[in-house]
$ cat my_file.pdb   # PDB, C-alpha atoms, pLDDT in the B column
ATOM      1  CA  GLY A  14     126.127  94.592  92.436  1.00 57.00           C
ATOM      2  CA  GLU A  15     122.522  93.592  92.638  1.00 66.00           C
ATOM      3  CA  ASN A  16     120.741  92.142  89.605  1.00 71.00           C
ATOM      4  CA  VAL A  17     117.321  93.326  88.550  1.00 76.00           C
ATOM      5  CA  GLU A  18     114.875  90.691  87.400  1.00 88.00           C
ATOM      6  CA  GLN A  19     111.498  91.923  86.337  1.00 93.00           C
ATOM      7  CA  HIS A  20     108.632  89.907  84.868  1.00 95.00           C
ATOM      8  CA  PRO A  21     107.026  90.012  82.458  1.00 96.00           C
ATOM      9  CA  SER A  22     109.036  92.077  79.983  1.00 96.00           C
ATOM     10  CA  THR A  23     105.867  93.017  78.102  1.00 97.00           C
ATOM     11  CA  LEU A  24     102.247  92.915  79.201  1.00 97.00           C
ATOM     12  CA  SER A  25      99.067  93.688  77.300  1.00 98.00           C
ATOM     13  CA  VAL A  26      95.751  93.975  79.101  1.00 98.00           C
ATOM     14  CA  GLN A  27      92.265  95.113  78.200  1.00 98.00           C
ATOM     15  CA  GLU A  28      91.122  98.391  79.655  1.00 98.00           C
ATOM     16  CA  GLY A  29      89.536  97.769  83.030  1.00 97.00           C
ATOM     17  CA  ASP A  30      91.531  94.607  83.737  1.00 98.00           C
ATOM     18  CA  SER A  31      94.262  94.326  86.364  1.00 98.00           C
ATOM     19  CA  ALA A  32      98.004  94.195  85.724  1.00 98.00           C
ATOM     20  CA  VAL A  33     100.700  92.715  87.939  1.00 98.00           C
ATOM     21  CA  ILE A  34     104.442  93.171  87.490  1.00 97.00           C
ATOM     22  CA  LYS A  35     106.920  91.298  89.663  1.00 96.00           C
ATOM     23  CA  CYS A  36     110.452  92.294  90.642  1.00 94.00           C
ATOM     24  CA  THR A  37     112.939  89.899  92.226  1.00 92.00           C
ATOM     25  CA  TYR A  38     115.890  91.078  94.282  1.00 88.00           C
ATOM     26  CA  SER A  39     118.927  89.370  95.775  1.00 85.00           C
ATOM     27  CA  ASP A  40     120.277  91.678  98.487  1.00 81.00           C
ATOM     28  CA  SER A  41     118.793  90.732 101.851  1.00 78.00           C
ATOM     29  CA  ALA A  42     119.801  94.125 103.199  1.00 77.00           C
ATOM     30  CA  SER A  43     117.474  95.927 100.768  1.00 79.00           C
ATOM     31  CA  ASN A  44     115.059  98.122 102.664  1.00 84.00           C
ATOM     32  CA  TYR A  45     113.592 100.393  99.993  1.00 86.00           C
ATOM     33  CA  PHE A  46     111.451  99.278  97.052  1.00 89.00           C
ATOM     34  CA  PRO A  47     110.288 101.900  94.536  1.00 92.00           C
ATOM     35  CA  TRP A  48     108.345 101.613  91.299  1.00 95.00           C
ATOM     36  CA  TYR A  49     108.825 104.114  88.500  1.00 96.00           C
ATOM     37  CA  LYS A  50     106.637 104.721  85.451  1.00 98.00           C
ATOM     38  CA  GLN A  51     108.101 106.145  82.254  1.00 98.00           C
ATOM     39  CA  GLU A  52     105.803 107.267  79.480  1.00 96.00           C
ATOM     40  CA  LEU A  53     107.205 107.614  75.989  1.00 93.00           C
ATOM     41  CA  GLY A  54     109.554 110.588  75.773  1.00 90.00           C
ATOM     42  CA  LYS A  55     109.117 111.535  79.423  1.00 94.00           C
ATOM     43  CA  ARG A  56     111.057 111.244  82.653  1.00 96.00           C
ATOM     44  CA  PRO A  57     110.803 108.240  84.994  1.00 96.00           C
ATOM     45  CA  GLN A  58     108.205 109.141  87.596  1.00 96.00           C
ATOM     46  CA  LEU A  59     107.981 107.611  91.061  1.00 95.00           C
ATOM     47  CA  ILE A  60     104.480 106.158  91.414  1.00 96.00           C
ATOM     48  CA  ILE A  61     104.733 104.216  94.644  1.00 95.00           C
ATOM     49  CA  ASP A  62     107.365 102.950  97.049  1.00 92.00           C
ATOM     50  CA  ILE A  63     107.538 100.786 100.154  1.00 90.00           C
ATOM     51  CA  ARG A  64     109.969 100.257 103.017  1.00 87.00           C
ATOM     52  CA  SER A  65     110.930  96.819 104.277  1.00 84.00           C
ATOM     53  CA  ASN A  66     109.006  97.196 107.526  1.00 84.00           C
ATOM     54  CA  VAL A  67     105.720  97.312 105.587  1.00 83.00           C
ATOM     55  CA  GLY A  68     104.176  94.430 103.659  1.00 89.00           C
ATOM     56  CA  GLU A  69     101.755  96.329 101.462  1.00 93.00           C
ATOM     57  CA  LYS A  70     100.977  99.893 100.435  1.00 94.00           C
ATOM     58  CA  LYS A  71      98.097 101.157  98.348  1.00 96.00           C
ATOM     59  CA  ASP A  72      97.432 104.445  96.567  1.00 94.00           C
ATOM     60  CA  GLN A  73      94.100 104.500  94.712  1.00 96.00           C
ATOM     61  CA  ARG A  74      94.419 102.012  91.806  1.00 97.00           C
ATOM     62  CA  ILE A  75      98.064 101.221  92.498  1.00 98.00           C
ATOM     63  CA  ALA A  76      99.465  98.921  95.174  1.00 97.00           C
ATOM     64  CA  VAL A  77     102.833  97.397  95.985  1.00 96.00           C
ATOM     65  CA  THR A  78     103.287  94.179  97.955  1.00 95.00           C
ATOM     66  CA  LEU A  79     106.540  92.956  99.435  1.00 93.00           C
ATOM     67  CA  ASN A  80     107.460  89.324 100.122  1.00 92.00           C
ATOM     68  CA  LYS A  81     110.744  89.431 102.032  1.00 89.00           C
ATOM     69  CA  THR A  82     110.958  85.666 102.407  1.00 89.00           C
ATOM     70  CA  ALA A  83     110.782  85.094  98.654  1.00 90.00           C
ATOM     71  CA  LYS A  84     112.666  88.339  97.939  1.00 90.00           C
ATOM     72  CA  HIS A  85     110.248  89.826  95.494  1.00 91.00           C
ATOM     73  CA  PHE A  86     107.890  92.766  95.362  1.00 92.00           C
ATOM     74  CA  SER A  87     105.053  93.366  92.967  1.00 96.00           C
ATOM     75  CA  LEU A  88     103.220  96.283  91.423  1.00 97.00           C
ATOM     76  CA  HIS A  89      99.451  95.872  91.115  1.00 98.00           C
ATOM     77  CA  ILE A  90      97.358  98.173  88.929  1.00 98.00           C
ATOM     78  CA  THR A  91      93.612  97.702  89.055  1.00 98.00           C
ATOM     79  CA  GLU A  92      90.974  99.043  86.632  1.00 98.00           C
ATOM     80  CA  THR A  93      93.666  99.823  84.076  1.00 98.00           C
ATOM     81  CA  GLN A  94      93.231 102.813  81.787  1.00 97.00           C
ATOM     82  CA  PRO A  95      94.953 103.707  78.481  1.00 96.00           C
ATOM     83  CA  GLU A  96      97.077 106.303  80.317  1.00 96.00           C
ATOM     84  CA  ASP A  97      98.634 103.486  82.345  1.00 98.00           C
ATOM     85  CA  SER A  98     100.428 102.418  79.148  1.00 98.00           C
ATOM     86  CA  ALA A  99     104.134 102.972  79.845  1.00 98.00           C
ATOM     87  CA  VAL A 100     107.348 101.226  80.822  1.00 98.00           C
ATOM     88  CA  TYR A 101     107.558 100.339  84.521  1.00 98.00           C
ATOM     89  CA  PHE A 102     110.849  99.973  86.380  1.00 96.00           C
ATOM     90  CA  CYS A 103     111.797  98.579  89.782  1.00 93.00           C
ATOM     91  CA  PRO A 104     115.343  99.909  90.279  1.00 90.00           C
ATOM     92  CA  ARG A 105     117.469  98.110  92.829  1.00 84.00           C
ATOM     93  CA  GLY A 106     120.504  99.058  94.848  1.00 73.00           C
ATOM     94  CA  GLY A 107     121.268 101.217  97.828  1.00 62.00           C
ATOM     95  CA  GLN A 108     122.648 104.585  96.984  1.00 60.00           C
ATOM     96  CA  ASN A 109     123.006 103.941  93.247  1.00 71.00           C
ATOM     97  CA  PHE A 110     119.994 102.626  91.406  1.00 82.00           C
ATOM     98  CA  VAL A 111     120.416  99.728  88.986  1.00 86.00           C
ATOM     99  CA  PHE A 112     117.655  99.701  86.391  1.00 89.00           C
ATOM    100  CA  GLY A 113     116.676  96.698  84.337  1.00 87.00           C
ATOM    101  CA  PRO A 114     115.003  96.912  80.923  1.00 88.00           C
ATOM    102  CA  GLY A 115     111.604  97.395  82.554  1.00 94.00           C
ATOM    103  CA  THR A 116     108.144  96.055  81.737  1.00 97.00           C
ATOM    104  CA  ARG A 117     106.262  97.546  78.837  1.00 97.00           C
ATOM    105  CA  LEU A 118     102.566  97.701  79.720  1.00 98.00           C
ATOM    106  CA  SER A 119     100.017  98.266  76.989  1.00 98.00           C
ATOM    107  CA  VAL A 120      96.410  98.895  77.960  1.00 98.00           C
ATOM    108  CA  LEU A 121      94.157  98.176  75.012  1.00 96.00           C
ATOM    109  CA  PRO A 122      90.898 100.163  74.697  1.00 90.00           C
TER
ATOM    110  CA  GLU B  22     106.043 117.271  88.277  1.00 66.00           C
ATOM    111  CA  THR B  23     109.258 117.282  90.298  1.00 70.00           C
ATOM    112  CA  GLY B  24     111.251 120.445  90.982  1.00 90.00           C
ATOM    113  CA  VAL B  25     114.241 119.023  89.088  1.00 96.00           C
ATOM    114  CA  THR B  26     115.174 120.904  85.925  1.00 97.00           C
ATOM    115  CA  GLN B  27     117.709 120.160  83.203  1.00 98.00           C
ATOM    116  CA  SER B  28     119.209 122.167  80.359  1.00 97.00           C
ATOM    117  CA  PRO B  29     119.353 122.111  77.464  1.00 97.00           C
ATOM    118  CA  THR B  30     116.393 119.932  76.455  1.00 97.00           C
ATOM    119  CA  HIS B  31     117.968 118.873  73.173  1.00 97.00           C
ATOM    120  CA  LEU B  32     121.483 119.052  71.797  1.00 96.00           C
ATOM    121  CA  ILE B  33     123.205 118.027  68.576  1.00 98.00           C
ATOM    122  CA  LYS B  34     126.968 117.579  68.536  1.00 98.00           C
ATOM    123  CA  THR B  35     129.512 115.988  66.233  1.00 98.00           C
ATOM    124  CA  ARG B  36     131.905 113.208  67.082  1.00 98.00           C
ATOM    125  CA  GLY B  37     134.958 114.383  69.019  1.00 98.00           C
ATOM    126  CA  GLN B  38     133.284 117.456  70.490  1.00 98.00           C
ATOM    127  CA  GLN B  39     132.676 118.131  74.167  1.00 98.00           C
ATOM    128  CA  VAL B  40     129.334 118.758  75.879  1.00 98.00           C
ATOM    129  CA  THR B  41     128.158 120.100  79.240  1.00 98.00           C
ATOM    130  CA  LEU B  42     124.717 119.242  80.601  1.00 98.00           C
ATOM    131  CA  ARG B  43     123.176 120.955  83.612  1.00 98.00           C
ATOM    132  CA  CYS B  44     120.831 119.928  86.385  1.00 98.00           C
ATOM    133  CA  SER B  45     119.157 121.913  89.136  1.00 97.00           C
ATOM    134  CA  SER B  46     118.106 119.749  92.041  1.00 93.00           C
ATOM    135  CA  GLN B  47     114.832 119.963  93.918  1.00 91.00           C
ATOM    136  CA  SER B  48     114.809 122.468  96.767  1.00 88.00           C
ATOM    137  CA  GLY B  49     116.245 120.898  99.927  1.00 86.00           C
ATOM    138  CA  HIS B  50     117.975 118.043  98.100  1.00 89.00           C
ATOM    139  CA  ASN B  51     121.754 117.640  98.423  1.00 90.00           C
ATOM    140  CA  THR B  52     122.384 114.647  96.148  1.00 91.00           C
ATOM    141  CA  VAL B  53     122.361 114.435  92.351  1.00 93.00           C
ATOM    142  CA  SER B  54     122.698 111.243  90.326  1.00 94.00           C
ATOM    143  CA  TRP B  55     123.238 111.113  86.569  1.00 96.00           C
ATOM    144  CA  TYR B  56     121.960 108.392  84.243  1.00 96.00           C
ATOM    145  CA  GLN B  57     122.289 107.608  80.544  1.00 97.00           C
ATOM    146  CA  GLN B  58     119.267 106.071  78.850  1.00 97.00           C
ATOM    147  CA  ALA B  59     119.644 104.629  75.373  1.00 96.00           C
ATOM    148  CA  LEU B  60     116.544 104.093  73.291  1.00 93.00           C
ATOM    149  CA  GLY B  61     114.483 101.151  74.508  1.00 91.00           C
ATOM    150  CA  GLN B  62     116.626 100.508  77.574  1.00 93.00           C
ATOM    151  CA  GLY B  63     116.527 101.353  81.260  1.00 94.00           C
ATOM    152  CA  PRO B  64     118.610 104.211  82.666  1.00 95.00           C
ATOM    153  CA  GLN B  65     122.257 103.328  83.341  1.00 95.00           C
ATOM    154  CA  PHE B  66     123.933 104.907  86.384  1.00 93.00           C
ATOM    155  CA  ILE B  67     126.850 107.210  85.510  1.00 96.00           C
ATOM    156  CA  PHE B  68     127.766 108.745  88.880  1.00 94.00           C
ATOM    157  CA  GLN B  69     126.379 110.457  91.960  1.00 93.00           C
ATOM    158  CA  TYR B  70     127.363 113.658  93.740  1.00 93.00           C
ATOM    159  CA  TYR B  71     126.667 114.172  97.438  1.00 90.00           C
ATOM    160  CA  ARG B  72     127.557 117.471  99.076  1.00 88.00           C
ATOM    161  CA  GLU B  73     129.880 118.392  96.195  1.00 91.00           C
ATOM    162  CA  GLU B  74     131.853 115.120  96.257  1.00 92.00           C
ATOM    163  CA  GLU B  75     131.589 112.169  93.873  1.00 92.00           C
ATOM    164  CA  ASN B  76     129.836 109.413  95.802  1.00 89.00           C
ATOM    165  CA  GLY B  77     129.822 106.406  93.507  1.00 88.00           C
ATOM    166  CA  ARG B  78     130.432 105.790  89.825  1.00 92.00           C
ATOM    167  CA  GLY B  79     129.069 103.352  87.290  1.00 91.00           C
ATOM    168  CA  ASN B  80     130.851 101.658  84.418  1.00 93.00           C
ATOM    169  CA  PHE B  81     131.577 104.762  82.361  1.00 96.00           C
ATOM    170  CA  PRO B  82     134.976 105.931  81.063  1.00 97.00           C
ATOM    171  CA  PRO B  83     136.840 108.931  82.550  1.00 97.00           C
ATOM    172  CA  ARG B  84     135.738 111.158  79.677  1.00 98.00           C
ATOM    173  CA  PHE B  85     132.440 111.329  81.586  1.00 98.00           C
ATOM    174  CA  SER B  86     133.036 113.743  84.453  1.00 97.00           C
ATOM    175  CA  GLY B  87     130.900 115.811  86.746  1.00 97.00           C
ATOM    176  CA  LEU B  88     130.688 118.576  89.236  1.00 96.00           C
ATOM    177  CA  GLN B  89     128.343 119.672  91.983  1.00 96.00           C
ATOM    178  CA  PHE B  90     128.098 123.264  93.147  1.00 95.00           C
ATOM    179  CA  PRO B  91     127.474 124.677  96.642  1.00 94.00           C
ATOM    180  CA  ASN B  92     123.792 125.166  95.746  1.00 93.00           C
ATOM    181  CA  TYR B  93     123.726 121.417  94.868  1.00 93.00           C
ATOM    182  CA  SER B  94     123.128 121.948  91.174  1.00 95.00           C
ATOM    183  CA  SER B  95     125.298 119.744  89.001  1.00 97.00           C
ATOM    184  CA  GLU B  96     126.985 119.433  85.627  1.00 98.00           C
ATOM    185  CA  LEU B  97     127.796 116.410  83.511  1.00 98.00           C
ATOM    186  CA  ASN B  98     130.667 116.835  81.071  1.00 98.00           C
ATOM    187  CA  VAL B  99     131.430 114.429  78.268  1.00 98.00           C
ATOM    188  CA  ASN B 100     134.656 114.812  76.275  1.00 98.00           C
ATOM    189  CA  ALA B 101     135.583 113.295  72.924  1.00 98.00           C
ATOM    190  CA  LEU B 102     131.982 112.467  72.051  1.00 98.00           C
ATOM    191  CA  GLU B 103     131.301 109.162  70.315  1.00 98.00           C
ATOM    192  CA  LEU B 104     128.272 108.127  68.275  1.00 98.00           C
ATOM    193  CA  ASP B 105     127.220 105.720  71.057  1.00 97.00           C
ATOM    194  CA  ASP B 106     126.923 108.649  73.462  1.00 98.00           C
ATOM    195  CA  SER B 107     123.656 109.543  71.744  1.00 98.00           C
ATOM    196  CA  ALA B 108     121.043 109.038  74.452  1.00 98.00           C
ATOM    197  CA  LEU B 109     118.714 110.687  76.935  1.00 98.00           C
ATOM    198  CA  TYR B 110     120.688 111.973  79.917  1.00 98.00           C
ATOM    199  CA  LEU B 111     118.704 112.095  83.125  1.00 98.00           C
ATOM    200  CA  CYS B 112     119.583 113.592  86.435  1.00 96.00           C
ATOM    201  CA  ALA B 113     117.826 112.680  89.656  1.00 94.00           C
ATOM    202  CA  SER B 114     117.916 114.566  92.924  1.00 92.00           C
ATOM    203  CA  SER B 115     117.459 113.165  96.394  1.00 89.00           C
ATOM    204  CA  LEU B 116     118.035 114.034 100.017  1.00 86.00           C
ATOM    205  CA  GLY B 117     120.904 112.138 101.558  1.00 74.00           C
ATOM    206  CA  ALA B 118     122.962 109.348 100.077  1.00 63.00           C
ATOM    207  CA  GLY B 119     123.494 105.777 101.119  1.00 54.00           C
ATOM    208  CA  ARG B 120     121.559 102.557 101.361  1.00 46.00           C
ATOM    209  CA  GLY B 121     117.829 102.962 101.585  1.00 46.00           C
ATOM    210  CA  ARG B 122     117.829 106.710 101.854  1.00 57.00           C
ATOM    211  CA  GLY B 123     116.810 109.385  99.420  1.00 68.00           C
ATOM    212  CA  THR B 124     113.968 108.734  97.053  1.00 85.00           C
ATOM    213  CA  GLN B 125     115.190 109.898  93.655  1.00 90.00           C
ATOM    214  CA  TYR B 126     113.195 112.397  91.604  1.00 92.00           C
ATOM    215  CA  PHE B 127     114.080 112.691  87.954  1.00 95.00           C
ATOM    216  CA  GLY B 128     114.420 115.730  85.747  1.00 97.00           C
ATOM    217  CA  PRO B 129     112.982 115.815  82.211  1.00 97.00           C
ATOM    218  CA  GLY B 130     116.305 114.866  80.645  1.00 97.00           C
ATOM    219  CA  THR B 131     118.554 116.183  77.903  1.00 98.00           C
ATOM    220  CA  ARG B 132     118.389 114.377  74.606  1.00 97.00           C
ATOM    221  CA  LEU B 133     121.851 114.310  73.026  1.00 98.00           C
ATOM    222  CA  LEU B 134     122.448 113.345  69.423  1.00 98.00           C
ATOM    223  CA  VAL B 135     126.021 112.803  68.251  1.00 98.00           C
ATOM    224  CA  LEU B 136     126.550 112.864  64.491  1.00 97.00           C
TER
END
$ encode --input "my_file.pdb" --output "structure tokens"
Amino acid sequence: GENVEQHPSTLSVQEGDSAVIKCTYSDSASNYFPWYKQELGKRPQLIIDIRSNVGEKKDQRIAVTLNKTAKHFSLHITETQPEDSAVYFCPRGGQNFVFGPGTRLSVLP
Amino acid sequence: ETGVTQSPTHLIKTRGQQVTLRCSSQSGHNTVSWYQQALGQGPQFIFQYYREEENGRGNFPPRFSGLQFPNYSSELNVNALELDDSALYLCASSLGAGRGRGTQYFGPGTRLLVL
């Protein structure tokens, strides 16, 4: 199966700063790249996703970029707010998602 | 919020008992996946049901079993509960199964505590 490598494992930023989380994949056939956000005690929530025929997608303060050559895709959050504090996951796999331990983002006021 | 619902929200059982968890998929979705999430970890894939058939299984023992109904709702059954089964159980619904298809939308989860 595919491994999930996500960096960093924890990230602390000041409110208003940007945050970037990177996910590395190994399966060249991957064509779907989602990012999920999970707040404490809540369900994982899809926040943005991208297909392999697109290099970048943006939704307000959130963007995802895909580098197929290097086999990684990144989540970018600009103008971070305290409510962005959560664990972020980039599950891999085709029909069955493989989740890693995620990245814990803390936005400090 | 997604249209995926789960019941019950919380459950306390003792070791050796059996439990049934339920999931109603989002309208129009025909695929349900189940995950186990231990505290501080990412969700671990248990199995997936597509059009009432099991369509992939993770590294979980046979005492974890499931079912999908004609309306695409699903059940997860766990027999002979062990202390390590204490976790948040999540279901996710999607449309279609297979590589690259079917964005998964998660339900709120059932928190199971085994004493």
$ residues_near_point --input "my_file.pdb" --point "(127.7, 119.6, 101.6)" --cutoff "12 Å" --atoms "only C-alpha atoms" --output "VMD selection string"
chain B and resid 49 to 53 70 to 76 89 to 94 116 to 118
$ resolve_selection --input "my_file.pdb" --expression "the PyMOL selection byres ((chain A) within 12 of (chain B))" --output "ChimeraX atom specification"
/A:14,17,19,22,40,42-65,99-117
$ residues_around --input "my_file.pdb" --residues "Lys71 (chain A)" --least-positions-apart "4" --cutoff "12 Å" --atoms "only C-alpha atoms" --output "NGL selection string"
:A and (60-63 or 67 or 75-79 or 87-91)
$ residues_around --input "my_file.pdb" --residues "Lys34 (chain B)" --least-positions-apart "6" --cutoff "12 Å" --atoms "all atoms listed in the file" --output "ChimeraX atom specification"
/B:40-41,99-104,106-108,132-136
$ atom_distance --input "my_file.pdb" --atom1 "CA of Thr23 (chain A)" --atom2 "CA of Asn80 (chain B)"
27.2 Å
$ atom_distance --input "my_file.pdb" --atom1 "CA of Asp97 (chain A)" --atom2 "CA of Gln57 (chain B)"
24.1 Å
$ resolve_selection --input "my_file.pdb" --expression "the PyMOL selection byres ((chain A and resi 37) around 9)" --output "tab-separated table (two decimals) with C-alpha atoms, in the coordinates of the input"
chain	number	residue	atom	x	y	z
A	16	ASN	CA	120.74	92.14	89.60
A	17	VAL	CA	117.32	93.33	88.55
A	18	GLU	CA	114.88	90.69	87.40
A	19	GLN	CA	111.50	91.92	86.34
A	20	HIS	CA	108.63	89.91	84.87
A	35	LYS	CA	106.92	91.30	89.66
A	36	CYS	CA	110.45	92.29	90.64
A	38	TYR	CA	115.89	91.08	94.28
A	39	SER	CA	118.93	89.37	95.78
A	83	ALA	CA	110.78	85.09	98.65
A	84	LYS	CA	112.67	88.34	97.94
A	85	HIS	CA	110.25	89.83	95.49
A	86	PHE	CA	107.89	92.77	95.36
A	87	SER	CA	105.05	93.37	92.97
$ closest_residue --input "my_file.pdb" --among "A:Ser41, A:Val120, A:Lys70, A:Ser25" --to "Thr93 (chain A)" --atoms "only C-alpha atoms"
A:Val120
$ atom_distance --input "my_file.pdb" --atom1 "CA of Ser119 (chain A)" --atom2 "CA of His31 (chain B)"
27.6 Å
